[in-house]
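Asker: Handing over target_16.txt, compact mmCIF, C-alpha atoms.
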# COMPACT_ATOMS: atom_id res chain seq x y z
CA MET A 8 -32.34 13.42 -2.91
CA ASN A 9 -33.49 10.00 -4.12
CA LEU A 10 -30.49 7.70 -4.36
CA SER A 11 -32.46 4.74 -5.65
CA LEU A 12 -31.62 5.54 -9.23
CA LYS A 13 -34.20 4.40 -11.79
CA ILE A 14 -32.30 5.64 -14.78
CA ALA A 15 -28.57 6.29 -15.00
CA PHE A 16 -26.15 6.35 -17.86
CA VAL A 17 -22.64 7.24 -18.83
CA PHE A 18 -21.80 8.68 -22.22
CA PHE A 19 -18.57 9.89 -23.69
CA PHE A 20 -19.03 12.76 -26.13
CA VAL A 21 -15.40 12.75 -27.19
CA PHE A 22 -12.76 10.05 -27.10
CA ILE A 23 -9.43 11.75 -27.56
CA SER A 24 -6.24 9.84 -27.08
CA LEU A 25 -3.01 11.76 -27.24
CA PRO A 26 -0.41 9.59 -28.98
CA LEU A 27 2.29 11.91 -27.74
CA THR A 28 5.87 11.07 -26.94
CA ALA A 29 8.07 13.29 -24.84
CA GLN A 30 11.68 12.40 -24.18
CA LEU A 31 12.41 12.12 -20.48
CA LYS A 32 15.08 14.54 -19.37
CA HIS A 33 17.57 11.86 -18.37
CA ALA A 34 16.16 8.88 -20.24
CA VAL A 35 17.64 6.94 -23.11
CA PRO A 36 15.57 4.60 -25.32
CA VAL A 37 15.96 1.20 -23.69
CA PRO A 38 14.61 -2.33 -24.14
CA ILE A 39 11.01 -3.10 -23.21
CA ASN A 40 9.13 -6.35 -23.37
CA ILE A 41 5.72 -4.83 -23.90
CA GLN A 42 4.18 -8.18 -24.77
CA ASP A 43 4.53 -9.38 -21.23
CA SER A 44 6.35 -7.41 -18.61
CA THR A 45 5.13 -9.40 -15.63
CA VAL A 46 6.07 -13.01 -16.43
CA PRO A 47 9.45 -14.49 -17.35
CA LYS A 48 9.59 -15.20 -21.05
CA GLN A 49 10.17 -18.91 -20.66
CA LYS A 50 7.03 -19.29 -18.56
CA HIS A 51 4.48 -17.41 -20.58
CA SER A 52 3.76 -15.81 -23.94
CA ARG A 53 0.72 -13.83 -24.94
CA ILE A 54 -1.70 -15.38 -27.40
CA ARG A 55 -1.87 -12.12 -29.37
CA ASP A 56 0.98 -9.79 -30.21
CA VAL A 57 0.24 -6.37 -28.73
CA ASN A 58 0.84 -4.81 -32.17
CA ASP A 59 -2.17 -6.72 -33.48
CA GLU A 60 -4.46 -5.29 -30.82
CA LEU A 61 -6.76 -2.33 -31.42
CA ASP A 62 -7.20 0.70 -29.19
CA LEU A 63 -8.93 4.07 -29.33
CA ILE A 64 -5.80 5.76 -30.65
CA ASP A 65 -5.90 3.42 -33.67
CA ILE A 66 -9.57 4.27 -34.21
CA VAL A 67 -9.01 8.03 -33.97
CA GLN A 68 -6.01 7.89 -36.32
CA GLY A 69 -7.91 5.74 -38.79
CA ALA A 70 -10.87 8.12 -38.76
CA PHE A 71 -8.66 11.04 -39.81
CA ASP A 72 -6.24 9.17 -42.04
CA LYS A 73 -7.41 6.06 -43.86
CA HIS A 74 -3.83 5.38 -44.96
CA ALA A 75 -2.31 5.74 -41.50
CA LYS A 76 0.46 3.24 -40.83
CA LYS A 77 -0.10 0.57 -38.24
CA ARG A 78 1.13 1.57 -34.80
CA VAL A 79 3.70 -0.88 -33.51
CA ASP A 80 6.12 -1.28 -30.65
CA THR A 81 9.40 -2.92 -31.54
CA GLY A 82 9.47 -6.29 -29.79
CA GLY A 83 11.86 -6.42 -26.87
CA VAL A 84 12.52 -2.66 -26.88
CA LYS A 85 11.79 -0.45 -23.88
CA SER A 86 11.16 3.20 -24.51
CA GLY A 87 12.34 6.03 -22.33
CA LYS A 88 9.54 8.18 -23.76
CA LEU A 89 6.23 9.02 -22.15
CA ARG A 90 3.10 7.24 -23.33
CA ILE A 91 0.34 9.75 -22.70
CA SER A 92 -3.35 8.94 -22.85
CA GLY A 93 -6.00 11.62 -22.48
CA LEU A 94 -9.78 11.57 -22.31
CA PRO A 95 -12.23 14.46 -22.02
CA ALA A 96 -15.59 13.00 -21.14
CA ALA A 97 -19.03 13.60 -19.74
CA GLY A 98 -20.77 11.15 -17.52
CA TYR A 99 -22.88 10.36 -14.51
CA THR A 100 -21.83 8.75 -11.24
CA LEU A 101 -23.36 8.50 -7.80
CA GLN A 102 -20.73 10.80 -6.31
CA THR A 103 -20.93 13.64 -8.82
CA GLY A 104 -24.22 13.43 -10.70
CA PHE A 105 -23.63 14.69 -14.24
CA ALA A 106 -20.04 15.84 -14.63
CA GLY A 107 -17.45 16.96 -17.11
CA VAL A 108 -14.10 15.25 -16.71
CA ALA A 109 -10.67 15.70 -18.24
CA ILE A 110 -8.31 12.79 -17.50
CA ALA A 111 -4.68 12.25 -18.46
CA ASN A 112 -2.37 9.34 -17.79
CA ALA A 113 1.36 9.08 -18.53
CA ALA A 114 3.30 5.81 -18.38
CA PHE A 115 7.05 5.37 -18.81
CA TYR A 116 10.17 3.47 -17.78
CA THR A 117 13.30 5.11 -16.39
CA SER A 118 15.87 2.49 -17.44
CA LYS A 119 16.46 -0.62 -19.55
CA HIS A 120 16.35 -2.98 -16.58
CA GLU A 121 14.52 -6.11 -17.76
CA GLU A 122 12.15 -6.29 -14.79
CA GLU A 123 11.72 -2.60 -14.06
CA ASN A 124 8.27 -1.53 -12.97
CA GLN A 125 6.33 0.90 -15.12
CA SER A 126 6.07 4.40 -13.66
CA ASN A 127 2.92 6.43 -14.11
CA ILE A 128 1.37 9.82 -13.49
CA LEU A 129 -2.40 10.29 -13.30
CA ALA A 130 -4.24 13.61 -13.25
CA ASN A 131 -7.88 14.52 -13.69
CA LEU A 132 -10.13 17.52 -13.30
CA THR A 133 -13.83 17.10 -12.58
CA TYR A 134 -16.63 19.65 -12.36
CA SER A 135 -20.08 18.32 -11.51
CA GLN A 136 -23.70 19.38 -11.45
CA TYR A 137 -23.40 19.58 -7.65
CA LYS A 138 -20.73 22.30 -8.12
CA GLN A 139 -18.00 19.91 -7.00
CA ILE A 140 -14.42 20.49 -8.07
CA ILE A 141 -12.05 17.54 -7.82
CA PHE A 142 -8.44 17.91 -8.93
CA PRO A 143 -5.93 15.18 -7.97
CA ILE A 144 -2.43 14.59 -9.34
CA GLN A 145 -1.00 11.20 -8.38
CA THR A 146 2.45 9.86 -9.20
CA ASN A 147 4.13 6.48 -8.78
CA ILE A 148 7.75 6.62 -9.94
CA TRP A 149 10.29 3.79 -10.04
CA THR A 150 13.94 4.77 -10.35
CA PRO A 151 16.35 2.70 -12.52
CA GLY A 152 16.49 -0.91 -11.41
CA ASN A 153 13.54 -0.34 -9.06
CA LYS A 154 15.98 0.89 -6.41
CA TYR A 155 13.57 3.55 -5.14
CA ASN A 156 9.82 4.03 -5.31
CA ILE A 157 8.63 7.62 -5.04
CA SER A 158 4.91 8.24 -4.67
CA SER A 159 2.89 11.38 -4.17
CA GLU A 160 -0.62 12.73 -4.25
CA ILE A 161 -1.67 16.36 -4.41
CA ARG A 162 -5.42 16.89 -4.28
CA PHE A 163 -7.79 19.86 -4.12
CA VAL A 164 -11.53 19.47 -3.67
CA LYS A 165 -14.53 21.75 -3.34
CA TYR A 166 -16.91 19.05 -2.31
CA PRO A 167 -20.55 19.44 -1.32
CA SER A 168 -21.52 15.81 -0.80
CA LEU A 169 -23.69 13.47 1.21
CA THR A 170 -22.94 11.94 4.58
CA TYR A 171 -25.05 9.31 6.31
CA GLY A 172 -23.65 9.07 9.82
CA LEU A 173 -21.42 6.53 11.54
CA GLY A 174 -21.43 2.73 11.46
CA GLY A 175 -23.25 0.23 9.30
CA HIS A 176 -26.82 0.65 10.56
CA THR A 177 -27.51 3.85 8.61
CA SER A 178 -29.90 4.04 5.66
CA LEU A 179 -30.09 6.11 2.49
CA ASP A 180 -32.82 8.20 4.15
CA ASP A 181 -30.25 9.38 6.71
CA GLY A 182 -28.24 11.22 4.07
CA TYR A 183 -27.82 14.99 4.11
CA THR A 184 -25.34 17.39 2.52
CA ILE A 185 -22.11 18.65 4.01
CA ASP A 186 -19.97 21.19 2.18
CA TYR A 187 -16.25 21.79 2.53
CA SER A 188 -13.04 22.56 0.71
CA GLY A 189 -9.98 20.37 1.14
CA PHE A 190 -6.33 20.14 0.24
CA ARG A 191 -3.92 17.27 0.79
CA VAL A 192 -0.30 16.46 0.11
CA HIS A 193 0.82 12.86 0.63
CA ALA A 194 4.38 11.91 -0.28
CA GLY A 195 6.69 9.01 0.41
CA ILE A 196 10.00 7.55 -0.66
CA LEU A 197 10.85 3.87 -0.27
CA ARG A 198 14.11 2.05 -0.85
CA SER A 199 14.57 -1.51 -2.01
CA VAL A 200 15.69 -3.82 0.81
CA LEU A 201 15.17 -7.11 -1.02
CA LYS A 202 13.85 -7.99 -4.47
CA ASP A 203 10.39 -6.39 -4.80
CA ILE A 204 10.39 -5.41 -1.09
CA TYR A 205 10.66 -1.75 -0.03
CA ALA A 206 10.64 0.27 3.16
CA GLY A 207 10.61 4.01 3.70
CA VAL A 208 9.09 7.12 5.19
CA GLY A 209 6.78 9.91 4.13
CA TYR A 210 4.80 12.92 5.22
CA ASN A 211 1.04 13.51 4.94
CA ILE A 212 -0.96 16.66 5.53
CA ASP A 213 -4.74 16.99 5.11
CA TYR A 214 -6.55 20.29 5.62
CA PHE A 215 -10.30 20.98 5.35
CA TRP A 216 -11.95 24.39 5.71
CA ASN A 217 -15.38 26.03 5.37
CA ILE A 218 -16.96 22.85 6.74
CA ARG A 219 -20.70 23.18 7.21
CA GLU A 220 -23.84 21.06 7.27
CA VAL A 221 -26.26 22.25 4.59
CA ASP A 222 -29.54 20.50 5.35
CA PRO A 223 -29.22 18.43 8.54
CA SER A 224 -32.17 17.04 10.46
CA SER A 225 -33.86 19.67 12.59
CA THR A 226 -35.27 17.16 15.05
CA LYS A 227 -32.11 15.54 16.36
CA ALA A 228 -28.38 16.03 16.51
CA THR A 229 -26.45 14.50 13.61
CA ASP A 230 -23.62 12.00 14.07
CA PHE A 231 -21.24 14.69 12.77
CA GLN A 232 -22.42 17.10 15.51
CA LYS A 233 -22.09 14.41 18.17
CA TYR A 234 -18.65 13.43 16.93
CA GLY A 235 -17.41 17.03 16.87
CA LEU A 236 -18.36 19.45 14.10
CA THR A 237 -15.82 22.21 13.49
CA GLU A 238 -15.26 24.68 10.65
CA THR A 239 -11.75 23.36 9.98
CA GLU A 240 -9.89 20.06 10.32
CA LEU A 241 -6.13 19.61 10.08
CA ALA A 242 -4.12 16.40 10.28
CA SER A 243 -0.35 16.37 9.88
CA GLY A 244 1.89 13.37 10.38
CA VAL A 245 4.79 11.28 9.25
CA THR A 246 4.31 7.84 7.71
CA LEU A 247 6.20 4.59 7.99
CA ASN A 248 5.78 2.53 4.82
CA PHE A 249 6.28 -1.07 3.77
CA LEU A 250 5.73 -2.25 0.21
CA TYR A 251 5.90 -5.53 -1.66
CA ASP A 252 5.16 -5.18 -5.36
CA ASN A 253 6.13 -7.60 -8.11
CA ARG A 254 3.61 -6.23 -10.63
CA ARG A 255 5.41 -4.66 -13.57
CA ASN A 256 2.42 -2.66 -14.78
CA SER A 257 0.35 -1.08 -12.00
CA ILE A 258 -2.10 0.52 -14.47
CA ASN A 259 -3.42 -2.87 -15.57
CA PRO A 260 -1.76 -5.72 -13.66
CA GLN A 261 -1.79 -9.07 -15.43
CA ASN A 262 -0.47 -11.06 -12.49
CA GLY A 263 1.68 -10.70 -9.39
CA ALA A 264 0.99 -9.37 -5.92
CA TYR A 265 0.94 -6.06 -4.06
CA ILE A 266 1.10 -5.40 -0.31
CA ASN A 267 1.25 -1.84 1.00
CA VAL A 268 1.28 -1.03 4.73
CA VAL A 269 1.17 2.60 5.89
CA TYR A 270 1.34 3.56 9.56
CA ARG A 271 0.56 7.23 10.14
CA PRO A 272 1.00 8.93 13.53
CA ASN A 273 -0.27 12.52 13.53
CA PHE A 274 1.23 15.00 15.98
CA THR A 275 0.13 18.37 17.30
CA PHE A 276 3.73 19.60 17.16
CA LEU A 277 3.51 19.13 13.37
CA GLY A 278 0.33 21.19 13.24
CA SER A 279 -2.27 18.46 13.64
CA ASP A 280 -5.41 19.34 15.62
CA ASP A 281 -4.95 16.21 17.75
CA ASN A 282 -2.58 13.31 18.23
CA TRP A 283 -3.96 10.18 16.59
CA GLN A 284 -2.70 7.18 14.65
CA SER A 285 -3.97 5.15 11.71
CA LEU A 286 -2.92 1.99 9.89
CA VAL A 287 -3.81 1.07 6.30
CA VAL A 288 -3.12 -2.41 4.93
CA ASP A 289 -3.71 -2.78 1.17
CA MET A 290 -3.23 -6.27 -0.34
CA ARG A 291 -3.89 -7.38 -3.94
CA LYS A 292 -3.29 -10.60 -5.90
CA TYR A 293 -3.68 -11.31 -9.62
CA PHE A 294 -3.94 -14.63 -11.49
CA ARG A 295 -4.27 -15.32 -15.20
CA LEU A 296 -7.30 -17.55 -15.61
CA PRO A 297 -7.10 -19.60 -17.72
CA PHE A 298 -3.32 -19.61 -17.73
CA GLY A 299 -1.85 -18.32 -20.99
CA SER A 300 -4.74 -15.92 -21.58
CA ASP A 301 -5.17 -12.22 -20.81
CA ASN A 302 -8.15 -12.94 -18.54
CA VAL A 303 -7.38 -12.09 -14.93
CA LEU A 304 -8.91 -13.13 -11.62
CA CYS A 305 -7.93 -10.69 -8.89
CA PHE A 306 -8.50 -10.16 -5.19
CA TRP A 307 -8.29 -7.02 -3.05
CA ASN A 308 -8.23 -6.60 0.72
CA TYR A 309 -8.20 -3.06 2.15
CA ASP A 310 -8.23 -2.53 5.91
CA TRP A 311 -8.19 1.01 7.31
CA LEU A 312 -7.86 1.13 11.09
CA THR A 313 -7.64 3.77 13.81
CA VAL A 314 -4.86 2.61 16.12
CA ALA A 315 -5.18 5.36 18.73
CA GLY A 316 -6.80 8.73 19.24
CA THR A 317 -9.71 10.37 17.42
CA PRO A 318 -9.40 11.23 13.72
CA PRO A 319 -11.35 14.21 12.32
CA TYR A 320 -14.76 13.25 10.94
CA LEU A 321 -13.76 13.87 7.32
CA MET A 322 -10.68 11.66 7.77
CA LEU A 323 -12.47 8.69 9.25
CA PRO A 324 -12.35 5.50 7.14
CA ASN A 325 -15.23 5.66 4.69
CA THR A 326 -16.60 4.14 1.51
CA GLY A 327 -14.54 5.38 -1.43
CA GLY A 328 -12.13 7.13 0.91
CA ASP A 329 -9.04 5.37 -0.46
CA ALA A 330 -6.56 7.33 -2.58
CA TYR A 331 -8.32 6.50 -5.86
CA THR A 332 -11.89 6.54 -4.40
CA ASN A 333 -12.48 2.99 -5.62
CA THR A 334 -13.65 0.99 -2.59
CA GLY A 335 -17.32 0.12 -2.40
CA ARG A 336 -18.54 0.04 -5.98
CA GLY A 337 -22.32 -0.06 -5.64
CA TYR A 338 -22.36 2.71 -3.03
CA ILE A 339 -21.93 6.46 -3.16
CA GLN A 340 -18.68 7.80 -1.73
CA GLY A 341 -19.02 8.33 2.03
CA ARG A 342 -22.04 5.99 2.28
CA PHE A 343 -20.51 4.29 5.34
CA ARG A 344 -18.06 5.77 7.83
CA GLY A 345 -16.47 4.70 11.09
CA LYS A 346 -13.21 4.51 13.03
CA ASN A 347 -12.32 1.15 11.49
CA MET A 348 -13.01 -0.34 8.07
CA LEU A 349 -12.62 -3.88 6.71
CA TYR A 350 -13.00 -4.36 2.95
CA ALA A 351 -12.66 -7.21 0.45
CA GLU A 352 -13.31 -7.40 -3.29
CA SER A 353 -12.85 -9.86 -6.13
CA GLU A 354 -13.03 -9.14 -9.85
CA TYR A 355 -12.76 -11.23 -13.02
CA ARG A 356 -11.50 -9.43 -16.13
CA PHE A 357 -11.94 -10.88 -19.61
CA ASN A 358 -11.74 -9.95 -23.27
CA ILE A 359 -14.92 -9.57 -25.30
CA THR A 360 -13.47 -8.80 -28.74
CA ASN A 361 -10.58 -10.74 -30.27
CA ASN A 362 -8.65 -7.53 -30.94
CA GLU A 363 -8.91 -6.68 -27.20
CA LEU A 364 -10.53 -3.29 -27.87
CA ILE A 365 -13.44 -4.19 -25.59
CA GLY A 366 -13.32 -6.25 -22.44
CA GLY A 367 -15.58 -6.89 -19.51
CA VAL A 368 -15.49 -7.43 -15.76
CA VAL A 369 -17.73 -8.85 -13.06
CA PHE A 370 -17.09 -7.98 -9.43
CA VAL A 371 -18.31 -8.55 -5.89
CA ASN A 372 -17.26 -6.74 -2.71
CA ALA A 373 -18.10 -6.41 0.97
CA GLU A 374 -17.34 -3.76 3.56
CA SER A 375 -17.87 -3.41 7.28
CA PHE A 376 -17.38 -0.43 9.62
CA SER A 377 -17.03 -0.39 13.37
CA GLU A 378 -19.92 1.04 15.35
CA GLU A 379 -19.43 4.24 17.30
CA GLY A 380 -19.40 3.44 21.00
CA SER A 381 -19.10 -0.35 20.93
CA GLY A 382 -16.35 -0.49 18.30
CA ARG A 383 -17.81 -3.76 17.00
CA PHE A 384 -18.28 -4.74 13.36
CA GLU A 385 -22.00 -5.52 13.28
CA VAL A 386 -23.03 -5.05 9.63
CA ILE A 387 -21.56 -6.41 6.39
CA SER A 388 -22.60 -4.37 3.34
CA PRO A 389 -22.16 -6.26 0.05
CA GLY A 390 -21.83 -4.82 -3.43
CA TYR A 391 -21.70 -6.38 -6.87
CA GLY A 392 -21.87 -5.51 -10.53
CA ALA A 393 -20.34 -5.66 -13.98
CA GLY A 394 -18.63 -3.35 -16.40
CA LEU A 395 -16.96 -2.71 -19.73
CA ARG A 396 -13.31 -2.02 -20.48
CA ILE A 397 -12.38 -0.03 -23.59
CA LYS A 398 -8.69 -0.13 -24.57
CA LEU A 399 -7.43 3.45 -24.65
CA ASN A 400 -3.72 2.71 -25.11
CA LYS A 401 -2.63 -0.83 -25.95
CA PHE A 402 1.06 -0.22 -25.20
CA SER A 403 0.55 1.02 -21.63
CA ARG A 404 -2.54 -1.25 -21.35
CA THR A 405 -4.65 1.68 -20.15
CA ASN A 406 -8.40 1.03 -20.21
CA VAL A 407 -11.43 3.25 -19.77
CA ALA A 408 -13.41 1.47 -17.05
CA ILE A 409 -17.20 1.86 -16.96
CA ASP A 410 -18.93 -0.12 -14.21
CA TYR A 411 -22.47 -0.40 -12.88
CA GLY A 412 -22.72 -1.52 -9.29
CA PHE A 413 -25.45 -2.47 -6.84
CA GLY A 414 -25.48 -2.20 -3.06
CA THR A 415 -28.05 -2.76 -0.33
CA GLY A 416 -31.09 -0.61 0.34
CA GLY A 417 -31.57 0.38 -3.30
CA SER A 418 -28.07 1.81 -3.77
CA ARG A 419 -26.84 1.57 -7.36
CA GLY A 420 -25.03 3.59 -9.99
CA PHE A 421 -22.22 4.06 -12.50
CA PHE A 422 -18.54 4.25 -11.64
CA VAL A 423 -15.92 5.47 -14.15
CA ASN A 424 -12.13 5.15 -14.03
CA LEU A 425 -9.11 5.61 -16.25
CA GLY A 426 -7.21 2.39 -15.56
CA GLU A 427 -8.32 -0.58 -13.51
CA VAL A 428 -10.09 -0.18 -10.18
CA PHE A 429 -7.31 -2.10 -8.42
For this file, write the structure as structure tokens.

Answerer:
Amino acid sequence: MNLSLKIAFVFFFVFISLPLTAQLKHAVPVPINIQDSTVPKQKHSRIRDVNDELDLIDIVQGAFDKHAKKRVDTGGVKSGKLRISGLPAAGYTLQTGFAGVAIANAAFYTSKHEEENQSNILANLTYSQYKQIIFPIQTNIWTPGNKYNISSEIRFVKYPSLTYGLGGHTSLDDGYTIDYSGFRVHAGILRSVLKDIYAGVGYNIDYFWNIREVDPSSTKATDFQKYGLTETELASGVTLNFLYDNRRNSINPQNGAYINVVYRPNFTFLGSDDNWQSLVVDMRKYFRLPFGSDNVLCFWNYDWLTVAGTPPYLMLPNTGGDAYTNTGRGYIQGRFRGKNMLYAESEYRFNITNNELIGGVVFVNAESFSEEGSGRFEVISPGYGAGLRIKLNKFSRTNVAIDYGFGTGGSRGFFVNLGEVF
């Protein structure tokens, strides 16, 4: 397969936003400051009222009803109702080739607390030309007053995909297909210990089956074979979690900071194939630049380390192996893999149209993986690119993200998200 793509494109054959509202079972309509939920009122005010913005829901409604009333949110009023955005689409990415995708996002608040974080649920179903099936459901729920944060991810994949070996010295020519099915459940509950600081525990289980190499080299053993190729892989362990998060909208942060630390020891007595331990440190920072605008300069550091033991091959740190498969724009998922991963990215987000329907981003990133044997970080692999943001729902600030990224060795391609990359 030639991964030096000469021609690639993404097209959306239908934009469908679902302006649905569903009353939460225990929720009561409560105040919301939708115009700026991340900065104290006395310190900042948006240049444009959110009611004057334009999104795809407005466009769809206007196309079917020329006399449709303007959609507005009452200033200073939080809603206990779901804000659901949906998008069936077709597109092309490095990971999937041509694919059909159905994506849904729900955002809501659980109380009238002035500084409560926005909860969200994200689900999508993808079927690709490579006969891949990807079905994750991810939740991030904040209880009233941000007292508890409850997060979960349930994911099923049928995933024939490329692997390139271990470390940073591999090339695109080293790629070959592995096929497997996988299922994971990750869940955690954290309690507030100080303002915006949380600590808690969780449980993670990852299971892969029907693992096989489809077209490996016939002249030499692959890195997967050397590392330990088996038909199944199972990892089961508890997690110890620390979180600092003063962003009020995690779908599209305007400012604030986020630090998430997850220590995961896996144990054979819980069903894991082996005892091993990992540590993930995820840090993000957002600045309005210039101040008083909706343009945002943001930074992301993601370090994924093996503390002890030997993780299964499919659970080794890898490009795009984070929960939302967003690290390493410019490279196909799984392009690099190793026992330890260091990653950094910066992105600048800006408006293109005055009504904020269309925005843009430019980004640059770098990743490095430890070499098998020496354990040293010997290669830094940079990526860079630009993209468009199309406002899907102005009240939850949900964007359709379409990026084109470049990596080394001719790697390049499109990357599509519902919501920001980080």

Asker: To one decimal in Å, tell me the separation between CA of Asp180 in chain A and CA of Phe215 in chain A.

Answerer: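 Computing it gives 25.9 Å between the two atoms.
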
Asker: Please measure the separation of CA of Thr103 in chain A and CA of Gly416 in chain A, giving the value in Å to one decimal.

Answerer: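 So the two atoms, CA of Thr103 in chain A and CA of Gly416 in chain A, lie 19.8 Å apart.
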
Asker: Given the choices A:Ser188, A:Asn406, A:Asn124, A:Gln232, which gets closest to Asn253 in chain A if the distance is worked out from all atoms listed in the file?

Answerer: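 Distance minimum relative to Asn253 in chain A lands on A:Asn124.
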
Asker: Rounded to one decimal, what separation in Å do you get between CA of Asn273 in chain A and CA of Ser285 in chain A?

Answerer: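 A separation of 8.4 Å between them.
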
Asker: With distances taken over all atoms listed in the file, which residue among A:Gly380, A:Gly345, A:Pro319, A:Gly367 lies nearest Glu238 in chain A?

Answerer: A:Pro319

Asker: Mind listing whatever residues come within 7 Å of the point (-7.1, 4.4, 14.6)? Use all atoms listed in the file, file coordinates, and give them as a ChimeraX atom specification.

Answerer: /A:283-286,312-316,346-347

Asker: N, CA and C atoms are what I want for range 417-428 of chain A; can you complete it accordingly and write them as a short mmCIF file (atom, residue, chain, number, x, y, z; two decimals), keeping the file's coordinate frame?

Answerer:
data_model
loop_
_atom_site.label_atom_id
_atom_site.label_comp_id
_atom_site.auth_asym_id
_atom_site.auth_seq_id
_atom_site.Cartn_x
_atom_site.Cartn_y
_atom_site.Cartn_z
N GLY A 417 -31.26 -0.35 -2.08
CA GLY A 417 -31.57 0.38 -3.30
C GLY A 417 -30.42 1.18 -3.86
N SER A 418 -29.23 1.08 -3.26
CA SER A 418 -28.07 1.81 -3.77
C SER A 418 -27.60 1.19 -5.08
N ARG A 419 -27.32 2.04 -6.06
CA ARG A 419 -26.84 1.57 -7.36
C ARG A 419 -26.33 2.76 -8.16
N GLY A 420 -25.50 2.50 -9.15
CA GLY A 420 -25.03 3.59 -9.99
C GLY A 420 -23.81 3.26 -10.79
N PHE A 421 -23.39 4.21 -11.64
CA PHE A 421 -22.22 4.06 -12.50
C PHE A 421 -20.96 4.53 -11.79
N PHE A 422 -19.85 3.91 -12.17
CA PHE A 422 -18.54 4.25 -11.64
C PHE A 422 -17.56 4.23 -12.80
N VAL A 423 -16.79 5.32 -12.98
CA VAL A 423 -15.92 5.47 -14.15
C VAL A 423 -14.49 5.69 -13.70
N ASN A 424 -13.54 5.01 -14.35
CA ASN A 424 -12.13 5.15 -14.03
C ASN A 424 -11.32 5.19 -15.31
N LEU A 425 -10.12 5.77 -15.22
CA LEU A 425 -9.11 5.61 -16.25
C LEU A 425 -8.08 4.66 -15.65
N GLY A 426 -8.01 3.44 -16.17
CA GLY A 426 -7.21 2.39 -15.56
C GLY A 426 -8.10 1.49 -14.72
N GLU A 427 -7.53 0.38 -14.27
CA GLU A 427 -8.32 -0.58 -13.51
C GLU A 427 -8.62 -0.07 -12.11
N VAL A 428 -9.67 -0.60 -11.51
CA VAL A 428 -10.09 -0.18 -10.18
C VAL A 428 -9.03 -0.56 -9.14
#
